[in-house]
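Trainee: My structure is below; once you've seen it, I'll send some questions.
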Amino acid sequence: MTTKKRTKKNSSDSELGDKIIQFVHGETFPFVVGLIIGVFALYLVLSFTSYFITGAADQSTLNNPDKAQIDLINNHIQNYAGLCGAKISEYLINKCFGIPSYFIAIVLIVTSLRLMRVYRYAKLWRWFLVCALLMIWSSIFLGLIGTKLDTFFYLGGLHGYNVSLWFISQIGELGAWLVSIGSAILFLIYFTNRTIIWIRRILRLEIRSPQEALQQASDENTINEEKEENIAEEENNSLENNDDKSTTVNFDFTKNNKPVAVATPPTPIINPIIENDEEPEDILDNNDIKDGPELEIIAAPEEKMSTDIPMVPYNPKLDLENYHYPTLGLLTKYDNEKPAVDMNEQNANIEKIINTLRSFSIEISNIKATVGPTVTLYEITPEAGIRISKIRGLEDDIALSLSALGIRIIAPIPGKGTIGIEVPNSNPQIVSMHSIIASAKFQESNYDLPVALGKTITNEVFMVDLCKMPHMLVAGATGQGKSVGLNAIITSLLYKKHPSELKFVLIDPKKVEFSIYAAIDKHFLAKLPGEDDAIITDFTKVVQTLNSLCTEMDSRYDLLKKAHTRNVKEYNAKFIARKLNPENGHKFMPYIVVIIDEFGDLIMTAGKEVELPIARIAQLARAVGIHMVIATQRPTTNIITGTIKANFPARVAFRVSSMMDSRTILDRPGANQLIGRGDMLFLQGNDPVRVQCAFVDTPEVEQITDYISNQQGYPSAFMLPEYVGEDNNSGQFGDMDMNKVDDMFEDAARLIVIHQQGSTSLIQRKFSIGYNRAGRIMDQLERAGVVGPSEGSKPRQVLCATEDELQNKINSIK
């Protein structure tokens with residue numbers, strides 16, 4: 001009985017502790033604390049500001065030794081913040097840091113906004129460090145000034161006054177001023193490299209306009225960045241990637257045939273530090289050419305720019321030069337990210353596998369386990385004379401003995417003389433997007449379009465270059481991680497690319513999957529001219545957008561032809577080197593990534609109108625930097641047709657319900673044996689790779705989009721070329737010939753207006769005509785502006801509300 005009471009008491013204490021932890025880490029507690037800090041910060045600002053007006057009068061009252069008089073209601077304190085405000089301001093301003101005490105209020109305000117999650121990306125430690133340094137320096141600087149002034153308080157507080165007197169006594173008054181100014185210059189150099197440019201100009205006695213100085217600073221920063229990138233790339237190529245190595249457990253057999261586990265520690269990670277102390281060379285400009293002959297610049301007849309004067313490379317990031325990439329703090333870290341080796345579970349599984357194989361007269365000589373985040377790979381070496389097909393057929397028997405879902409046998413493992421058995425872990429680990437983005441493999445990658453999908457069974461970060469794929473097909477049943485996978489693709493690209501280098505075309509028939517990215521339309525999204533929303537949800541706009549991309553593709557190929565280049569990478573390199581003249585139509589080409597969700601719904605609604613431009617883009621757009629990712633939850637042959645499969649060599653298969661669906665995606669079984677929740681197979685080439693997809697939650701994506709949208713963007717989204725289709729005159733009936741329309745045109749029009757239902761079957765049924773003729777009449781009604789465009793299985797929208805309005809349209813046609 002006593003034991004039960006203790007157990008209940010312990011459980012209640014544990015529940016209370018969990019509730020307290022949930023309250024502290026929830027939304028309410030940080031918000032309330034932030035609000036309190038913010039109110040106190042405003043109170044400090046009020047008391048500080050009032051001190052400069054009322055401080056002289058309040059000093060005599062505060063310095064009164066009679067404490068009882070101060071505590072009275074009528075204490076003659078004039079500070080707007082009362083007695084407490086007068087005491088705080090007297091202490092902080094007069095006796096501590098002087099006027100720079102305002103930096104204390106600034107830090108408190110930033111802390112308040114951070115806790116209230118108004119600005120989630122504010123780094124408190126950086127704000128604290130910068131404000132502390134500024135407060136100390138300003139206090140000393142104002143202390144130097146205050147030694148010459150007579151005021152009722154110390155401008156820099158007692159701290160600044162005493163320190164400045166000490167400096168004067170040690171190095172003299174001029175020396176103190178030199179130290180103060182020199183430290184200020186060092187701080188400005190730390191804050192921005194443009195300080196160095198200005199100092200050089202001043203020392204050269206050159207007078208430059210602010211615009212020219214800013215351009216010069218940007219150009220030198222660009223050259224410096226290119227040198228650092230080249231050095232880092234050379235260093236990375238010479239190193240092997242040792243990131244996130246797996247934990248391998250070897251099982252050797254003793255004489256009594258009992259497996260003994262030996263854990264091999266992971267390989268240490270080497271993080272080389274690359275320093276670049278090279279100073280960028282001075283750039284020749286027009287002001288450096290003095291007393292020389294006049295230069296006459298003649299436009300080059302070909303695409304090459306004039307090289308008489310050395311030209312600074314074009315910087316595509318210059319328009320958004322202050323853009324900051326998303327930080328790691330925006331992503332969530334989980335406690336159970338690192339895979340833990342449960343030796344009891346491993347030994348139990350090993351013994352069950354051995355006994356199951358032995359019951360079918362299959363002996364093995366060695367077995368090794370590689371523990372991944374969600375799946376463990378057991379590599380077995382059978383005895384000589386054992387047929388592989390015999391082991392492959394025991395998949396269900398092994399799954400039964402292990403009581404596990406998702407057993408997969410790889411017989412044999414490519415490149416090895418072993419057979420693999422993949423078994424789900426009893427305690428799977430979360431593969432967070434934070435762990436992927438923070439990995440050295442991702443940070444040091446030099447892929448053109450790096451896509452980080454997750455971690456393999458060997459616990460290595462799995463990354464691919466979308467440029468080399470060049471298109472990706474994603475499929476899987478509902479709820480198996482397909483949407484999270486698409487978010488992982490977008491997130492990894494946002495963390496690696498500048499807005500000038502990448503644009504997304506997001507097509508979302510469900511209208512809810514990609515709406516979260518609408519906030520970054522002026523940074524990363526592309527859309528048709530005249531459209532309000534960059535996220536495309538209407539299927540008619542989908543067709544126009546895809547055809548517009550075909551137009552963009554053709555236009556880019558024309559520019560590549562004129563520039564004598566084979567792909568967009570070579571073209572952009574020439575353009576950055578200023579070897580292509582913008583006056584001849586040349587421009588910097590960002591990569592365009594088209595992501596289509598629910599592709600099956602588009603095919604069922606629009607059919608060939610969608611499939612044909614997608615196939616054309618997939619066949620030709622790789623060289624001009626346009627890449628596609630399409631996803632569907634219905635991996636059937638009428639959705640993923642032969643044309644689509646032929647042009648999408650990279651496939652991502654999440655769990656599906658049947659082997660037939662797996663064969664449709666991967667041309668082999670396997671996807672039907674996955675365990676779900678982000679477990680997937682990636683195929684590009686001969687053999688699929690099993691990967692646990694990185695998990696990125698909706699709040700994380702919101703924080704990333706908020707972080708990007710709060711920065712300066714372009715005036716509008718990236719505009720795709722306007723598409724003019726064959727039916728561009730729909731609704732414009734001025735050129736319509738009534739002699740060429742069907743005899744039942746007017747009767748059908750009145751029928752549609754009366755019923756307010758634009759249905760082909762209604763015309764067919766009422767007039768007892770064939771479906772083809774009814775369809776032609778409906779097309780004529782659409783061109784005349786009586787009904788709207790087709791909406792798939794839904795009735796068309798009727799554009800005429802009354803018969804009088806219809807008659808006016810018919811009369812205008814006649």
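Ligands are numbered from 1 in the order shown, chains are lettered A, B, ... in the order of the structure tokens, and residues start at 1 in each chain.
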If you run DSSP on the backbone, which residues of segment 364-516 of chain A are helix (DSSP H, G or I), as a PyMOL selection string?

Mentor: chain A and resi 388-392+395-402+433-437+440-443+466-468+482-496+515-516

Trainee: List every residue of segment 628-668 of chain A that has an atom at most 9 Å from any atom of segment 673-690 of chain A, giving for each one its closest atom pair and the distance in Å to one decimal, counting only C-alpha atoms, sorted by chain and then by ascending residue number, as a Markdown table.

Mentor:
| residue | atom | partner | partner_atom | distance |
| --- | --- | --- | --- | --- |
| A:Pro649 | CA | A:Gln684 | CA | 6.1 |
| A:Ala650 | CA | A:Gln684 | CA | 4.7 |
| A:Arg651 | CA | A:Leu683 | CA | 5.1 |
| A:Val652 | CA | A:Phe682 | CA | 4.7 |
| A:Ala653 | CA | A:Leu681 | CA | 5.2 |
| A:Phe654 | CA | A:Met680 | CA | 4.4 |
| A:Arg655 | CA | A:Leu674 | CA | 5.2 |
| A:Val656 | CA | A:Leu674 | CA | 7.9 |
| A:Ser657 | CA | A:Gln673 | CA | 8.8 |
| A:Ser658 | CA | A:Gln673 | CA | 8.9 |
| A:Met659 | CA | A:Gln673 | CA | 8.6 |
| A:Leu666 | CA | A:Leu683 | CA | 7.0 |

Trainee: Hey, can you spit out that residue selection with N, CA and C atoms as a PDB file, in the first residue's frame?

Mentor:
ATOM      1  N   PRO A 649      13.967  11.494 -64.376  1.00  0.00           N
ATOM      2  CA  PRO A 649      14.800  10.357 -63.965  1.00  0.00           C
ATOM      3  C   PRO A 649      14.957  10.223 -62.459  1.00  0.00           C
ATOM      4  N   ALA A 650      14.814  11.326 -61.718  1.00  0.00           N
ATOM      5  CA  ALA A 650      14.951  11.263 -60.260  1.00  0.00           C
ATOM      6  C   ALA A 650      13.564  11.041 -59.650  1.00  0.00           C
ATOM      7  N   ARG A 651      13.426   9.996 -58.858  1.00  0.00           N
ATOM      8  CA  ARG A 651      12.134   9.649 -58.256  1.00  0.00           C
ATOM      9  C   ARG A 651      12.286   9.575 -56.738  1.00  0.00           C
ATOM     10  N   VAL A 652      11.303  10.096 -56.033  1.00  0.00           N
ATOM     11  CA  VAL A 652      11.220   9.983 -54.575  1.00  0.00           C
ATOM     12  C   VAL A 652       9.902   9.293 -54.256  1.00  0.00           C
ATOM     13  N   ALA A 653       9.993   8.132 -53.619  1.00  0.00           N
ATOM     14  CA  ALA A 653       8.796   7.342 -53.314  1.00  0.00           C
ATOM     15  C   ALA A 653       8.645   7.229 -51.810  1.00  0.00           C
ATOM     16  N   PHE A 654       7.576   7.808 -51.286  1.00  0.00           N
ATOM     17  CA  PHE A 654       7.184   7.557 -49.908  1.00  0.00           C
ATOM     18  C   PHE A 654       6.322   6.290 -49.886  1.00  0.00           C
ATOM     19  N   ARG A 655       5.831   5.937 -48.728  1.00  0.00           N
ATOM     20  CA  ARG A 655       5.100   4.675 -48.621  1.00  0.00           C
ATOM     21  C   ARG A 655       3.830   4.710 -49.471  1.00  0.00           C
ATOM     22  N   VAL A 656       3.608   3.626 -50.209  1.00  0.00           N
ATOM     23  CA  VAL A 656       2.395   3.460 -51.004  1.00  0.00           C
ATOM     24  C   VAL A 656       1.690   2.200 -50.542  1.00  0.00           C
ATOM     25  N   SER A 657       0.464   2.035 -51.002  1.00  0.00           N
ATOM     26  CA  SER A 657      -0.359   0.951 -50.487  1.00  0.00           C
ATOM     27  C   SER A 657      -0.161  -0.376 -51.206  1.00  0.00           C
ATOM     28  N   SER A 658       0.326  -0.347 -52.436  1.00  0.00           N
ATOM     29  CA  SER A 658       0.411  -1.591 -53.189  1.00  0.00           C
ATOM     30  C   SER A 658       1.730  -1.679 -53.940  1.00  0.00           C
ATOM     31  N   MET A 659       2.088  -2.897 -54.310  1.00  0.00           N
ATOM     32  CA  MET A 659       3.300  -3.116 -55.080  1.00  0.00           C
ATOM     33  C   MET A 659       3.174  -2.516 -56.473  1.00  0.00           C
ATOM     34  N   LEU A 666       8.887   3.506 -59.134  1.00  0.00           N
ATOM     35  CA  LEU A 666      10.301   3.105 -59.132  1.00  0.00           C
ATOM     36  C   LEU A 666      10.648   2.028 -60.145  1.00  0.00           C
TER      37      LEU A 666
END

Trainee: Applying 7 Å and only C-alpha atoms, which residues near Tyr591 of chain A remain after dropping the ones on its own chain fewer than 5 positions away? List them as a PyMOL selection string.

Mentor: chain A and resi 501-503+625-626

Trainee: Export, as a PDB file, in the first residue's frame, the selected residues with N, CA, C and O atoms.

Mentor:
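Written out: selection.pdb:
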ATOM      1  N   GLU A 501      19.393  34.695 -57.313  1.00  0.00           N
ATOM      2  CA  GLU A 501      19.863  33.482 -57.974  1.00  0.00           C
ATOM      3  C   GLU A 501      18.775  32.448 -58.189  1.00  0.00           C
ATOM      4  O   GLU A 501      18.980  31.499 -58.953  1.00  0.00           O
ATOM      5  N   LEU A 502      17.628  32.604 -57.540  1.00  0.00           N
ATOM      6  CA  LEU A 502      16.620  31.536 -57.555  1.00  0.00           C
ATOM      7  C   LEU A 502      15.221  32.119 -57.495  1.00  0.00           C
ATOM      8  O   LEU A 502      14.965  33.062 -56.731  1.00  0.00           O
ATOM      9  N   LYS A 503      14.328  31.547 -58.299  1.00  0.00           N
ATOM     10  CA  LYS A 503      12.909  31.895 -58.264  1.00  0.00           C
ATOM     11  C   LYS A 503      12.084  30.613 -58.261  1.00  0.00           C
ATOM     12  O   LYS A 503      12.435  29.634 -58.924  1.00  0.00           O
ATOM     13  N   GLY A 625      18.269  26.379 -67.037  1.00  0.00           N
ATOM     14  CA  GLY A 625      18.098  26.608 -65.609  1.00  0.00           C
ATOM     15  C   GLY A 625      16.683  26.537 -65.097  1.00  0.00           C
ATOM     16  O   GLY A 625      16.380  27.123 -64.052  1.00  0.00           O
ATOM     17  N   ILE A 626      15.793  25.822 -65.800  1.00  0.00           N
ATOM     18  CA  ILE A 626      14.419  25.628 -65.331  1.00  0.00           C
ATOM     19  C   ILE A 626      14.261  24.162 -64.942  1.00  0.00           C
ATOM     20  O   ILE A 626      14.487  23.273 -65.773  1.00  0.00           O
TER      21      ILE A 626
END

Trainee: Measure the distance from atom CA of Gly82 of chain A to atom CA of Met135 of chain A in Å and round it to one decimal.

Mentor: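 Value for the atom CA of Gly82 of chain A-atom CA of Met135 of chain A distance: 25.2 Å.
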
Trainee: Taking 2 positions as the minimum chain separation for residues in the same chain, which residues sit within 6 Å of Ile595 of chain A when counting only C-alpha atoms? Answer as a PyMOL selection string.

Mentor: chain A and resi 506+628-630

Trainee: Contacts of Leu178 of chain A at 12 Å or less, counting only C-alpha atoms, minus same-chain residues fewer than 4 places along, as a PDB file with all heavy atoms, in the first residue's frame?

Mentor:
ATOM      1  N   PHE A 141      33.818  58.865 -23.863  1.00  0.00           N
ATOM      2  CA  PHE A 141      33.904  59.980 -24.811  1.00  0.00           C
ATOM      3  C   PHE A 141      33.197  61.227 -24.257  1.00  0.00           C
ATOM      4  O   PHE A 141      33.735  62.330 -24.301  1.00  0.00           O
ATOM      5  CB  PHE A 141      33.280  59.552 -26.137  1.00  0.00           C
ATOM      6  CG  PHE A 141      33.349  60.604 -27.206  1.00  0.00           C
ATOM      7  CD1 PHE A 141      34.535  60.821 -27.913  1.00  0.00           C
ATOM      8  CD2 PHE A 141      32.252  61.393 -27.501  1.00  0.00           C
ATOM      9  CE1 PHE A 141      34.610  61.795 -28.888  1.00  0.00           C
ATOM     10  CE2 PHE A 141      32.317  62.370 -28.485  1.00  0.00           C
ATOM     11  CZ  PHE A 141      33.501  62.571 -29.177  1.00  0.00           C
ATOM     12  N   LEU A 144      35.183  62.851 -21.521  1.00  0.00           N
ATOM     13  CA  LEU A 144      36.202  63.791 -22.001  1.00  0.00           C
ATOM     14  C   LEU A 144      35.599  65.155 -22.306  1.00  0.00           C
ATOM     15  O   LEU A 144      36.196  66.206 -22.002  1.00  0.00           O
ATOM     16  CB  LEU A 144      36.883  63.222 -23.239  1.00  0.00           C
ATOM     17  CG  LEU A 144      37.827  62.032 -23.035  1.00  0.00           C
ATOM     18  CD1 LEU A 144      38.256  61.459 -24.378  1.00  0.00           C
ATOM     19  CD2 LEU A 144      39.047  62.459 -22.226  1.00  0.00           C
ATOM     20  N   PHE A 167      42.783  58.563 -18.034  1.00  0.00           N
ATOM     21  CA  PHE A 167      43.456  58.580 -19.328  1.00  0.00           C
ATOM     22  C   PHE A 167      44.274  59.856 -19.504  1.00  0.00           C
ATOM     23  O   PHE A 167      45.415  59.830 -19.990  1.00  0.00           O
ATOM     24  CB  PHE A 167      42.423  58.459 -20.459  1.00  0.00           C
ATOM     25  CG  PHE A 167      42.122  57.057 -20.878  1.00  0.00           C
ATOM     26  CD1 PHE A 167      40.840  56.542 -20.770  1.00  0.00           C
ATOM     27  CD2 PHE A 167      43.110  56.235 -21.369  1.00  0.00           C
ATOM     28  CE1 PHE A 167      40.554  55.239 -21.136  1.00  0.00           C
ATOM     29  CE2 PHE A 167      42.847  54.936 -21.753  1.00  0.00           C
ATOM     30  CZ  PHE A 167      41.563  54.433 -21.637  1.00  0.00           C
ATOM     31  N   ILE A 168      43.698  60.982 -19.106  1.00  0.00           N
ATOM     32  CA  ILE A 168      44.404  62.256 -19.260  1.00  0.00           C
ATOM     33  C   ILE A 168      45.664  62.267 -18.417  1.00  0.00           C
ATOM     34  O   ILE A 168      46.730  62.752 -18.837  1.00  0.00           O
ATOM     35  CB  ILE A 168      43.464  63.425 -18.883  1.00  0.00           C
ATOM     36  CG1 ILE A 168      42.331  63.547 -19.925  1.00  0.00           C
ATOM     37  CG2 ILE A 168      44.228  64.741 -18.785  1.00  0.00           C
ATOM     38  CD1 ILE A 168      41.266  64.553 -19.556  1.00  0.00           C
ATOM     39  N   ILE A 171      48.167  59.528 -20.417  1.00  0.00           N
ATOM     40  CA  ILE A 171      48.638  59.757 -21.792  1.00  0.00           C
ATOM     41  C   ILE A 171      48.359  61.177 -22.273  1.00  0.00           C
ATOM     42  O   ILE A 171      48.563  61.493 -23.443  1.00  0.00           O
ATOM     43  CB  ILE A 171      47.986  58.751 -22.767  1.00  0.00           C
ATOM     44  CG1 ILE A 171      46.454  58.849 -22.723  1.00  0.00           C
ATOM     45  CG2 ILE A 171      48.425  57.340 -22.456  1.00  0.00           C
ATOM     46  CD1 ILE A 171      45.759  57.917 -23.709  1.00  0.00           C
ATOM     47  N   GLY A 172      47.860  62.010 -21.418  1.00  0.00           N
ATOM     48  CA  GLY A 172      47.599  63.382 -21.793  1.00  0.00           C
ATOM     49  C   GLY A 172      46.234  63.544 -22.446  1.00  0.00           C
ATOM     50  O   GLY A 172      45.591  62.575 -22.870  1.00  0.00           O
ATOM     51  N   GLU A 173      45.807  64.794 -22.553  1.00  0.00           N
ATOM     52  CA  GLU A 173      44.476  65.058 -23.092  1.00  0.00           C
ATOM     53  C   GLU A 173      44.393  64.708 -24.574  1.00  0.00           C
ATOM     54  O   GLU A 173      43.436  64.064 -25.026  1.00  0.00           O
ATOM     55  CB  GLU A 173      44.110  66.522 -22.866  1.00  0.00           C
ATOM     56  CG  GLU A 173      42.666  66.838 -23.266  1.00  0.00           C
ATOM     57  CD  GLU A 173      42.267  68.252 -22.865  1.00  0.00           C
ATOM     58  OE1 GLU A 173      43.055  68.946 -22.196  1.00  0.00           O
ATOM     59  OE2 GLU A 173      41.154  68.657 -23.247  1.00  0.00           O
ATOM     60  N   LEU A 174      45.422  65.095 -25.375  1.00  0.00           N
ATOM     61  CA  LEU A 174      45.409  64.759 -26.792  1.00  0.00           C
ATOM     62  C   LEU A 174      45.507  63.252 -27.003  1.00  0.00           C
ATOM     63  O   LEU A 174      44.860  62.686 -27.897  1.00  0.00           O
ATOM     64  CB  LEU A 174      46.571  65.461 -27.509  1.00  0.00           C
ATOM     65  CG  LEU A 174      46.455  66.987 -27.648  1.00  0.00           C
ATOM     66  CD1 LEU A 174      47.699  67.547 -28.313  1.00  0.00           C
ATOM     67  CD2 LEU A 174      45.216  67.347 -28.446  1.00  0.00           C
ATOM     68  N   GLY A 182      40.396  56.539 -32.228  1.00  0.00           N
ATOM     69  CA  GLY A 182      40.912  55.298 -32.815  1.00  0.00           C
ATOM     70  C   GLY A 182      40.045  54.099 -32.483  1.00  0.00           C
ATOM     71  O   GLY A 182      39.769  53.248 -33.342  1.00  0.00           O
ATOM     72  N   SER A 183      39.580  54.013 -31.235  1.00  0.00           N
ATOM     73  CA  SER A 183      38.692  52.899 -30.863  1.00  0.00           C
ATOM     74  C   SER A 183      37.370  52.981 -31.599  1.00  0.00           C
ATOM     75  O   SER A 183      36.780  51.957 -31.970  1.00  0.00           O
ATOM     76  CB  SER A 183      38.470  52.896 -29.351  1.00  0.00           C
ATOM     77  OG  SER A 183      37.883  54.127 -28.921  1.00  0.00           O
ATOM     78  N   ALA A 184      36.893  54.213 -31.842  1.00  0.00           N
ATOM     79  CA  ALA A 184      35.653  54.359 -32.607  1.00  0.00           C
ATOM     80  C   ALA A 184      35.832  53.865 -34.037  1.00  0.00           C
ATOM     81  O   ALA A 184      34.944  53.201 -34.598  1.00  0.00           O
ATOM     82  CB  ALA A 184      35.205  55.819 -32.598  1.00  0.00           C
ATOM     83  N   ILE A 185      36.983  54.160 -34.641  1.00  0.00           N
ATOM     84  CA  ILE A 185      37.246  53.695 -36.007  1.00  0.00           C
ATOM     85  C   ILE A 185      37.315  52.176 -36.049  1.00  0.00           C
ATOM     86  O   ILE A 185      36.792  51.537 -36.969  1.00  0.00           O
ATOM     87  CB  ILE A 185      38.544  54.330 -36.536  1.00  0.00           C
ATOM     88  CG1 ILE A 185      38.353  55.852 -36.711  1.00  0.00           C
ATOM     89  CG2 ILE A 185      38.955  53.703 -37.862  1.00  0.00           C
ATOM     90  CD1 ILE A 185      39.626  56.576 -37.082  1.00  0.00           C
TER      91      ILE A 185
END

Trainee: Please report as JSON lines every residue of segment 363-414 of chain A lying within 10 Å of segment 454-470 of chain A, along with the nearest atom pair and their distance in Å (one decimal), using only C-alpha atoms.

Mentor:
{"residue": "A:Thr370", "atom": "CA", "partner": "A:Thr458", "partner_atom": "CA", "distance": 6.3}
{"residue": "A:Val371", "atom": "CA", "partner": "A:Thr458", "partner_atom": "CA", "distance": 6.7}
{"residue": "A:Gly372", "atom": "CA", "partner": "A:Ile457", "partner_atom": "CA", "distance": 4.4}
{"residue": "A:Pro373", "atom": "CA", "partner": "A:Asn459", "partner_atom": "CA", "distance": 6.5}
{"residue": "A:Thr374", "atom": "CA", "partner": "A:Ile457", "partner_atom": "CA", "distance": 7.7}
{"residue": "A:Val375", "atom": "CA", "partner": "A:Ile457", "partner_atom": "CA", "distance": 6.2}
{"residue": "A:Thr376", "atom": "CA", "partner": "A:Ile457", "partner_atom": "CA", "distance": 6.7}
{"residue": "A:Leu377", "atom": "CA", "partner": "A:Ile457", "partner_atom": "CA", "distance": 6.9}

Trainee: Considering only C-alpha atoms, can you say which of A:Lys317, A:His586, A:Arg408, A:Arg204 comes closest to Pro669 of chain A?

Mentor: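 That would be A:Arg408, the residue with the smallest distance to Pro669 of chain A.
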
Trainee: Skip Pro316 of chain A itself and residues of its chain fewer than 3 positions away, then list as a list in words all residues within 12 Å of it, counting only C-alpha atoms.

Mentor: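 Within the cut-off, the hits are Ser218, Asp219, Thr222, Pro313, Asp319, Leu320, Glu321, His498, Pro499, Ser500, Glu501, Leu502, Asn572, Ala573, Phe575, Ile576, Ala577, Arg578, Lys587, Phe588, Met589 and Pro590 of chain A.
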
Trainee: From the options A:Phe103, A:Pro450, A:Glu351, A:Pro509, which residue's atoms come nearest to Val130 of chain A, counting only C-alpha atoms?

Mentor: A:Phe103
